[in-house]
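Novice: Before I ask anything, let me first share the structure, which is written out below as structure tokens.
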Amino acid sequence: MEFVSPEGLRLDGRRPMEMRQLRAELGAVSRADGSAIFEMGNTKVIAAVYGPREVQHRGQQLNDKALIRCEYTMANFSTGDRMRRPKGDRRSTEISLVIRQTMEACIMTHLMPHSQIDIFVQVLQADGGTRSACINAATLALADAGIPMCDLVTSCSAGYLNTTPLLDLNYVEDSAGGPDVTVGILPKLDKVTLLQMDAKLPMDIFENVMQLATEGCKAVANYIREVLMENTKQLENRRGV
Amino acid sequence: MRGMELPLNHTQKLRLQKALESLESLSSVTNSNASVTVADSIPVNQEDGVLKGHGTTELEGEVVATVCGVIERVNKLVYVRTLRARYKPEVGDIIVGRVIEVAPKRWRLEINFSQDAVLMLSSMNLPDGIQRRRTAVDELNMRSIFEEDDVICAEVRDFMRDGSLQLQARSQKYGKLERGQMLTISPYLVKRRKQHFHHLEQYGIDLILGCNGFIWVGEHVEIKDNMIEDEPTKPDSKNKKSQISTTLEEQEETYTTLETRQNICRIANAIRVLTTLGFSITLDVILEIVDLSTKKGLDIHEMLGAEFCVLVAEKEAERRSVSTRRKR
């Protein structure tokens with residue numbers, strides 16, 4: 001199948017190095033401490049953060065840092081064919097773990113001992129790149145909850161199809177079977193916290209693809225920063241003296 | 001927009017927008033460009049020496065924010081004041097909390113902090129008002145003082161070494177709160193003041209603005225000094241009679257008049273409107289909003305509607321513009 005037309009356009013009309021449209025909104029869940037909706041094109045994810053709060057099971061309490069828990073779920077209606085999903089399937093357990101580890105790396109857990117932070121992410125619409133969208137949504141929700149973090153984490157994916165590196169794959173491109181590289185970075189520290197690929201790629205091509213994904217992450221970071229700044233200013237202005 | 005799911009029509013939308021814009025223009029005069037987000041570097045003068053406070057960290061010689069908020073500087077200290085976050089207790093704060101557990105010699109309270117607060121039996125006055133050692137009997141009778149799910153007002157006493165929080169209730173004004181509503185709002189909207197207990201005489205209502213964002217609106221209770229209550233012992237037959245009469249008295253005592261209940265709801269709704277708009281909560285503002293609603297002849301339930309929300313925003317914009325003009 002042809003994923004890049006001779007004119008250099010992808011199936012959904014983007015250029016190979018073009019991202020989908022981003023949209024973010026804070027405060028989607030009123031009862032949560034922090035929450036956000038994050039959209040990358042047709043992929044739509046909602047995240048809610050509760051905490052830091054008292055640890056629910058005393059046995060898990062840590063004396064020197066906060067306990068972080070994460071739960072990833074996909075709504076039944078999120079994909080093209082509606083199906084019931086069992087709660088603890090392998091895919092969602094794995095993604096929960098990935099999100100927990102990436103967020104744990106940036107949250108300053110040592111400031112909140114004897115407490116726990118819960119992160120819930122749910123996919124409302126799945127169109128490829130749910131993993132990166134979830135991480136971006138979780139970052140926004142954590143920042144909204146006022147939880148101290150050493151840096152934002154942003155994530156983006158890139159692939160390699162028809163001998164072209166493609167940024168931010170959608171569902172059709174994702175299911176084509178080519179390599180799919182998901183990268184998560186700390187933009188200020190300029191460090192990689194997440195790197196996943198389930199295929200093989202030659203070294204030089206891999207470097208190109210990863211470079212492309214990193215650029216995507218930085219673009220996401222700029223957008224997230226803008227959204228947070230606007231929200232902070234709005235809250236402060238409203239509050240008054 | 002956070003919490004603003006109101007069905008506004010076109011004119012209301014425009015009016016709200018105008019009011020909010022004027023608020024924005026007013027506040028940007030007073031604080032310019034002090035907002036930061038996570039991982040923004042904070043400009044500091046390195047030669048003077050800097051003390052890094054809450055919400056900051058050092059990275060490659062720069063001071064970097066770790067939370068979203070507003071930069072505050074006090075002499076050498078630089079810190080970031082967070083807006084939406086959990087409650088950060090300080091010693092002496094007056095808080096409202098809910099009992100979630102009765103443990104040996106202590107109650108555990110939910111106060112919107114990262115851990116549960118602890119109220120020791122020994123750090124509160126006993127109902128009989130006598131100062132003495134707490135015995136095992138007192139410990140067994142703890143549920144007669146506070147039960148699970150009771151709402152309590154107390155003061156922050158100190159922090160334990162492991163970061164947990166101790167409370168105290170050593171006065172008649174602290175203790176169980178009854179016959180009213182508790183509201184939960186974001187703690188950044190409540191400012192620390194000298195006075196957190198308010199008695200609104202014209203409505204017959206007690207208002208407690210807890211620093212932790214829990215707000216109590218309830219019927220006014222006269223603070224009784226129990227110390228004097230030393231009833232002489234009576235013969236048995238008389239005692240029985242008095243018991244019956246007390247139950248009747250008690251019934252009367254627990255009855256809240258309709259008017260008071262309506263006042264409670266009106267004040268609570270005023271606070272709800274202010275929080276959905278994100279305005280800071282002070283006594284003056286609350287009373288102003290209550291007056292506005294009565295002047296417009298609105299029912300209590302209409303206060304949560306779109307029209308009143310717009311009115312409140314306009315009123316607040318007007319109030320702030322007047323107060324800034326006065327300052328100049």
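By convention here, the chains of the structure tokens are called A, B, ... in the order presented, each chain's residues are numbered starting at 1, and ligands are numbered starting at 1 in the order presented.
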Set the distance at 10 Å and use only C-alpha atoms: which residues neighbour stretch 217-219 of chain A once local chain neighbours fewer than 5 positions away are removed? I'd like the list as a PyMOL selection string.

Specialist: chain A and resi 19+22+132+136+153-157+168+182-188+190+211-212+224

Novice: Keeping only N, CA, C and O atoms, write the selected residues to a file as a PDB file, in the first residue's frame.

Specialist:
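Output below, filename again_12.pdb:
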```pdb
ATOM      1  N   MET A  19       2.773  17.314  12.019  1.00  0.00           N
ATOM      2  CA  MET A  19       2.030  16.715  13.127  1.00  0.00           C
ATOM      3  C   MET A  19       0.545  16.937  12.938  1.00  0.00           C
ATOM      4  O   MET A  19       0.143  17.795  12.168  1.00  0.00           O
ATOM      5  N   LEU A  22      -3.030  19.802  17.583  1.00  0.00           N
ATOM      6  CA  LEU A  22      -3.066  19.569  19.025  1.00  0.00           C
ATOM      7  C   LEU A  22      -4.148  20.433  19.648  1.00  0.00           C
ATOM      8  O   LEU A  22      -4.392  21.554  19.213  1.00  0.00           O
ATOM      9  N   SER A 132       1.505   8.131  23.444  1.00  0.00           N
ATOM     10  CA  SER A 132       2.077   9.475  23.609  1.00  0.00           C
ATOM     11  C   SER A 132       1.019  10.465  24.069  1.00  0.00           C
ATOM     12  O   SER A 132       1.295  11.308  24.921  1.00  0.00           O
ATOM     13  N   ASN A 136       1.184  12.879  27.455  1.00  0.00           N
ATOM     14  CA  ASN A 136       1.009  14.336  27.406  1.00  0.00           C
ATOM     15  C   ASN A 136      -0.150  14.774  28.294  1.00  0.00           C
ATOM     16  O   ASN A 136      -0.040  15.769  29.016  1.00  0.00           O
ATOM     17  N   VAL A 153       7.076  16.210  30.911  1.00  0.00           N
ATOM     18  CA  VAL A 153       7.399  15.098  30.013  1.00  0.00           C
ATOM     19  C   VAL A 153       6.490  15.229  28.817  1.00  0.00           C
ATOM     20  O   VAL A 153       5.289  15.399  28.973  1.00  0.00           O
ATOM     21  N   THR A 154       7.065  15.176  27.631  1.00  0.00           N
ATOM     22  CA  THR A 154       6.207  15.175  26.461  1.00  0.00           C
ATOM     23  C   THR A 154       6.610  14.006  25.588  1.00  0.00           C
ATOM     24  O   THR A 154       7.742  13.551  25.630  1.00  0.00           O
ATOM     25  N   SER A 155       5.664  13.550  24.815  1.00  0.00           N
ATOM     26  CA  SER A 155       5.913  12.351  24.039  1.00  0.00           C
ATOM     27  C   SER A 155       5.318  12.486  22.648  1.00  0.00           C
ATOM     28  O   SER A 155       4.343  13.211  22.448  1.00  0.00           O
ATOM     29  N   CYS A 156       5.932  11.785  21.703  1.00  0.00           N
ATOM     30  CA  CYS A 156       5.456  11.798  20.327  1.00  0.00           C
ATOM     31  C   CYS A 156       5.972  10.537  19.653  1.00  0.00           C
ATOM     32  O   CYS A 156       6.973   9.974  20.082  1.00  0.00           O
ATOM     33  N   SER A 157       5.281  10.092  18.613  1.00  0.00           N
ATOM     34  CA  SER A 157       5.748   8.887  17.933  1.00  0.00           C
ATOM     35  C   SER A 157       6.160   9.218  16.507  1.00  0.00           C
ATOM     36  O   SER A 157       5.766  10.246  15.952  1.00  0.00           O
ATOM     37  N   ASP A 168       4.278  11.285  13.902  1.00  0.00           N
ATOM     38  CA  ASP A 168       2.941  11.208  14.506  1.00  0.00           C
ATOM     39  C   ASP A 168       1.976  10.339  13.682  1.00  0.00           C
ATOM     40  O   ASP A 168       1.069  10.827  13.035  1.00  0.00           O
ATOM     41  N   THR A 182       8.165   5.312  19.740  1.00  0.00           N
ATOM     42  CA  THR A 182       7.565   6.274  20.667  1.00  0.00           C
ATOM     43  C   THR A 182       8.667   6.840  21.539  1.00  0.00           C
ATOM     44  O   THR A 182       9.405   6.087  22.173  1.00  0.00           O
ATOM     45  N   VAL A 183       8.775   8.164  21.542  1.00  0.00           N
ATOM     46  CA  VAL A 183       9.840   8.813  22.306  1.00  0.00           C
ATOM     47  C   VAL A 183       9.207   9.740  23.335  1.00  0.00           C
ATOM     48  O   VAL A 183       8.229  10.429  23.045  1.00  0.00           O
ATOM     49  N   GLY A 184       9.760   9.733  24.536  1.00  0.00           N
ATOM     50  CA  GLY A 184       9.344  10.700  25.550  1.00  0.00           C
ATOM     51  C   GLY A 184      10.563  11.461  26.026  1.00  0.00           C
ATOM     52  O   GLY A 184      11.590  10.847  26.309  1.00  0.00           O
ATOM     53  N   ILE A 185      10.466  12.773  26.081  1.00  0.00           N
ATOM     54  CA  ILE A 185      11.651  13.539  26.485  1.00  0.00           C
ATOM     55  C   ILE A 185      11.302  14.518  27.605  1.00  0.00           C
ATOM     56  O   ILE A 185      10.148  14.859  27.827  1.00  0.00           O
ATOM     57  N   LEU A 186      12.350  14.950  28.305  1.00  0.00           N
ATOM     58  CA  LEU A 186      12.248  16.065  29.236  1.00  0.00           C
ATOM     59  C   LEU A 186      12.811  17.276  28.495  1.00  0.00           C
ATOM     60  O   LEU A 186      14.022  17.365  28.307  1.00  0.00           O
ATOM     61  N   PRO A 187      11.980  18.187  28.029  1.00  0.00           N
ATOM     62  CA  PRO A 187      12.463  19.214  27.109  1.00  0.00           C
ATOM     63  C   PRO A 187      13.490  20.177  27.701  1.00  0.00           C
ATOM     64  O   PRO A 187      14.411  20.600  27.010  1.00  0.00           O
ATOM     65  N   LYS A 188      13.337  20.498  28.973  1.00  0.00           N
ATOM     66  CA  LYS A 188      14.272  21.465  29.555  1.00  0.00           C
ATOM     67  C   LYS A 188      15.641  20.813  29.795  1.00  0.00           C
ATOM     68  O   LYS A 188      16.678  21.371  29.486  1.00  0.00           O
ATOM     69  N   ASP A 190      16.634  18.187  28.333  1.00  0.00           N
ATOM     70  CA  ASP A 190      17.042  17.601  27.071  1.00  0.00           C
ATOM     71  C   ASP A 190      17.488  16.151  27.257  1.00  0.00           C
ATOM     72  O   ASP A 190      18.577  15.754  26.861  1.00  0.00           O
ATOM     73  N   GLN A 211      15.231  11.348  15.714  1.00  0.00           N
ATOM     74  CA  GLN A 211      15.416  12.802  15.661  1.00  0.00           C
ATOM     75  C   GLN A 211      14.081  13.490  15.351  1.00  0.00           C
ATOM     76  O   GLN A 211      13.702  14.471  15.990  1.00  0.00           O
ATOM     77  N   LEU A 212      13.364  12.897  14.394  1.00  0.00           N
ATOM     78  CA  LEU A 212      12.072  13.449  13.990  1.00  0.00           C
ATOM     79  C   LEU A 212      11.089  13.423  15.160  1.00  0.00           C
ATOM     80  O   LEU A 212      10.413  14.422  15.453  1.00  0.00           O
ATOM     81  N   ILE A 224       2.131  22.689  25.204  1.00  0.00           N
ATOM     82  CA  ILE A 224       1.697  22.425  26.584  1.00  0.00           C
ATOM     83  C   ILE A 224       2.061  23.598  27.482  1.00  0.00           C
ATOM     84  O   ILE A 224       1.277  24.032  28.322  1.00  0.00           O
TER      85      ILE A 224
END
```

Novice: Excluding same-chain residues fewer than 3 positions from B:Ile223, what lies within 12 Å of it counting only C-alpha atoms, as a list of chain:residue names?

Specialist: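 Everything that qualifies: B:Ser171, B:Gln172, B:Lys173, B:Tyr174, B:Gly175, B:His199, B:Asp206, B:His220, B:Asn226, B:Met227.
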
Novice: Define the interface residues of chain B facing chain A as those within 7 Å, counting only C-alpha atoms, and report them as a PyMOL selection string.

Specialist: chain B and resi 2-3+23-24+27+35-39+55+66-69+82+84-85+113-116+189+278-280

Novice: Considering only C-alpha atoms, can you say which of B:Leu8, B:Val64, B:Leu177, B:Leu16 comes closest to B:Glu316?

Specialist: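 Once distances to B:Glu316 are computed over only C-alpha atoms, the minimum belongs to B:Leu16.
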
Novice: Report, in Å with one decimal, the straight-line distance from atom CA of B:Asn141 to atom CA of B:Phe214.

Specialist: 27.3 Å

Novice: One number please: atom CA of A:Arg10 to atom CA of A:Gly129, in Å, one decimal.

Specialist: 16.1 Å

Novice: What lies within 6 Å of stretch 89-101 of chain B using only C-alpha atoms, ignoring chain neighbours under 2 positions off, as a list in words?

Specialist: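 Skipping anything fewer than 2 positions along the chain leaves Trp107, Arg108, Leu109, Glu110, Ile111, Glu148, Asp149, Asp150, Val151, Ile152, Cys153, Ala154, Glu155, Val156, Arg157, Asp158, Gly210, Cys211, Asn212 and Phe214 of chain B.
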
Novice: Could you check which of B:Gln195, B:Ser164, B:Thr260, B:Thr184 is closest to B:Gly213, using only C-alpha atoms?

Specialist: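 Closest residue, counting only C-alpha atoms: B:Thr184.
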
Novice: Near stretch 41-51 of chain B, within 10 Å and counting only C-alpha atoms, which residues show up once chain neighbours fewer than 3 positions away are dropped, as a ChimeraX atom specification?

Specialist: /A:188 /B:34-38,56-59,61-66,71,73-80

Novice: Keeping N, CA, C and O atoms for every residue in the selection just given, could you write it to a file as an mmCIF file, in the first residue's frame?

Specialist:
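Heads up, here's the output in again_29.cif:
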```cif
data_model
loop_
_atom_site.group_PDB
_atom_site.id
_atom_site.type_symbol
_atom_site.label_atom_id
_atom_site.label_comp_id
_atom_site.auth_asym_id
_atom_site.auth_seq_id
_atom_site.Cartn_x
_atom_site.Cartn_y
_atom_site.Cartn_z
ATOM 1 N N LYS A 188 13.337 20.498 28.973
ATOM 2 C CA LYS A 188 14.272 21.465 29.555
ATOM 3 C C LYS A 188 15.641 20.813 29.795
ATOM 4 O O LYS A 188 16.678 21.371 29.486
ATOM 5 N N ALA B 34 4.625 37.808 36.306
ATOM 6 C CA ALA B 34 5.247 37.047 37.385
ATOM 7 C C ALA B 34 4.831 35.580 37.332
ATOM 8 O O ALA B 34 5.249 34.807 38.166
ATOM 9 N N SER B 35 4.012 35.213 36.347
ATOM 10 C CA SER B 35 3.546 33.823 36.287
ATOM 11 C C SER B 35 4.606 32.929 35.667
ATOM 12 O O SER B 35 5.304 33.336 34.733
ATOM 13 N N VAL B 36 4.738 31.728 36.203
ATOM 14 C CA VAL B 36 5.647 30.742 35.621
ATOM 15 C C VAL B 36 4.916 29.408 35.491
ATOM 16 O O VAL B 36 3.924 29.171 36.175
ATOM 17 N N THR B 37 5.426 28.554 34.622
ATOM 18 C CA THR B 37 4.930 27.184 34.547
ATOM 19 C C THR B 37 6.076 26.254 34.894
ATOM 20 O O THR B 37 7.194 26.710 35.142
ATOM 21 N N VAL B 38 5.772 24.961 34.923
ATOM 22 C CA VAL B 38 6.790 23.969 35.270
ATOM 23 C C VAL B 38 7.997 24.117 34.356
ATOM 24 O O VAL B 38 7.847 24.264 33.147
ATOM 25 N N THR B 56 10.667 25.646 43.834
ATOM 26 C CA THR B 56 11.823 25.955 42.995
ATOM 27 C C THR B 56 12.862 24.862 43.160
ATOM 28 O O THR B 56 12.877 24.138 44.145
ATOM 29 N N THR B 57 13.759 24.797 42.181
ATOM 30 C CA THR B 57 14.882 23.878 42.281
ATOM 31 C C THR B 57 16.028 24.466 41.484
ATOM 32 O O THR B 57 15.834 25.421 40.729
ATOM 33 N N GLU B 58 17.226 23.926 41.663
ATOM 34 C CA GLU B 58 18.363 24.476 40.943
ATOM 35 C C GLU B 58 18.747 23.538 39.812
ATOM 36 O O GLU B 58 18.727 22.319 39.973
ATOM 37 N N LEU B 59 19.053 24.128 38.667
ATOM 38 C CA LEU B 59 19.411 23.331 37.503
ATOM 39 C C LEU B 59 20.463 24.096 36.714
ATOM 40 O O LEU B 59 20.194 25.176 36.200
ATOM 41 N N GLY B 61 22.882 25.914 37.557
ATOM 42 C CA GLY B 61 23.118 27.280 38.012
ATOM 43 C C GLY B 61 21.930 28.209 37.884
ATOM 44 O O GLY B 61 22.007 29.369 38.268
ATOM 45 N N GLU B 62 20.835 27.694 37.350
ATOM 46 C CA GLU B 62 19.633 28.517 37.226
ATOM 47 C C GLU B 62 18.620 28.110 38.282
ATOM 48 O O GLU B 62 18.602 26.955 38.713
ATOM 49 N N VAL B 63 17.772 29.055 38.670
ATOM 50 C CA VAL B 63 16.638 28.699 39.528
ATOM 51 C C VAL B 63 15.455 28.384 38.616
ATOM 52 O O VAL B 63 15.110 29.169 37.744
ATOM 53 N N VAL B 64 14.877 27.206 38.807
ATOM 54 C CA VAL B 64 13.827 26.726 37.907
ATOM 55 C C VAL B 64 12.571 26.429 38.726
ATOM 56 O O VAL B 64 12.658 25.885 39.835
ATOM 57 N N ALA B 65 11.420 26.793 38.192
ATOM 58 C CA ALA B 65 10.153 26.517 38.879
ATOM 59 C C ALA B 65 9.796 25.045 38.717
ATOM 60 O O ALA B 65 10.067 24.445 37.682
ATOM 61 N N THR B 66 9.198 24.451 39.743
ATOM 62 C CA THR B 66 8.746 23.064 39.632
ATOM 63 C C THR B 66 7.227 22.959 39.614
ATOM 64 O O THR B 66 6.690 21.878 39.476
ATOM 65 N N ILE B 71 5.542 33.969 40.905
ATOM 66 C CA ILE B 71 6.803 34.170 41.631
ATOM 67 C C ILE B 71 6.592 35.177 42.750
ATOM 68 O O ILE B 71 5.994 36.230 42.542
ATOM 69 N N ARG B 73 8.806 37.182 45.872
ATOM 70 C CA ARG B 73 10.153 37.441 46.378
ATOM 71 C C ARG B 73 10.051 38.156 47.715
ATOM 72 O O ARG B 73 9.344 39.149 47.839
ATOM 73 N N VAL B 74 10.742 37.626 48.721
ATOM 74 C CA VAL B 74 10.844 38.285 50.020
ATOM 75 C C VAL B 74 12.326 38.387 50.335
ATOM 76 O O VAL B 74 12.971 37.380 50.612
ATOM 77 N N ASN B 75 12.894 39.594 50.258
ATOM 78 C CA ASN B 75 14.336 39.796 50.407
ATOM 79 C C ASN B 75 15.085 38.837 49.490
ATOM 80 O O ASN B 75 14.953 38.899 48.288
ATOM 81 N N LYS B 76 15.844 37.885 50.100
ATOM 82 C CA LYS B 76 16.615 36.968 49.260
ATOM 83 C C LYS B 76 15.796 35.749 48.856
ATOM 84 O O LYS B 76 16.188 35.009 47.964
ATOM 85 N N LEU B 77 14.731 35.508 49.566
ATOM 86 C CA LEU B 77 13.941 34.291 49.311
ATOM 87 C C LEU B 77 13.125 34.423 48.025
ATOM 88 O O LEU B 77 12.466 35.436 47.800
ATOM 89 N N VAL B 78 13.217 33.394 47.214
ATOM 90 C CA VAL B 78 12.405 33.334 45.992
ATOM 91 C C VAL B 78 11.579 32.061 46.059
ATOM 92 O O VAL B 78 12.130 30.987 46.271
ATOM 93 N N TYR B 79 10.268 32.183 45.940
ATOM 94 C CA TYR B 79 9.450 30.972 45.905
ATOM 95 C C TYR B 79 8.300 31.152 44.924
ATOM 96 O O TYR B 79 8.006 32.259 44.491
ATOM 97 N N VAL B 80 7.687 30.028 44.577
ATOM 98 C CA VAL B 80 6.564 30.068 43.638
ATOM 99 C C VAL B 80 5.294 29.727 44.406
ATOM 100 O O VAL B 80 5.194 28.675 45.026
#
```

Novice: What residues in stretch 97-236 of chain A get the DSSP label alpha helix (DSSP H)? Please answer as number ranges by chain.

Specialist: A: 97-106, 130-144, 171-174, 203-236
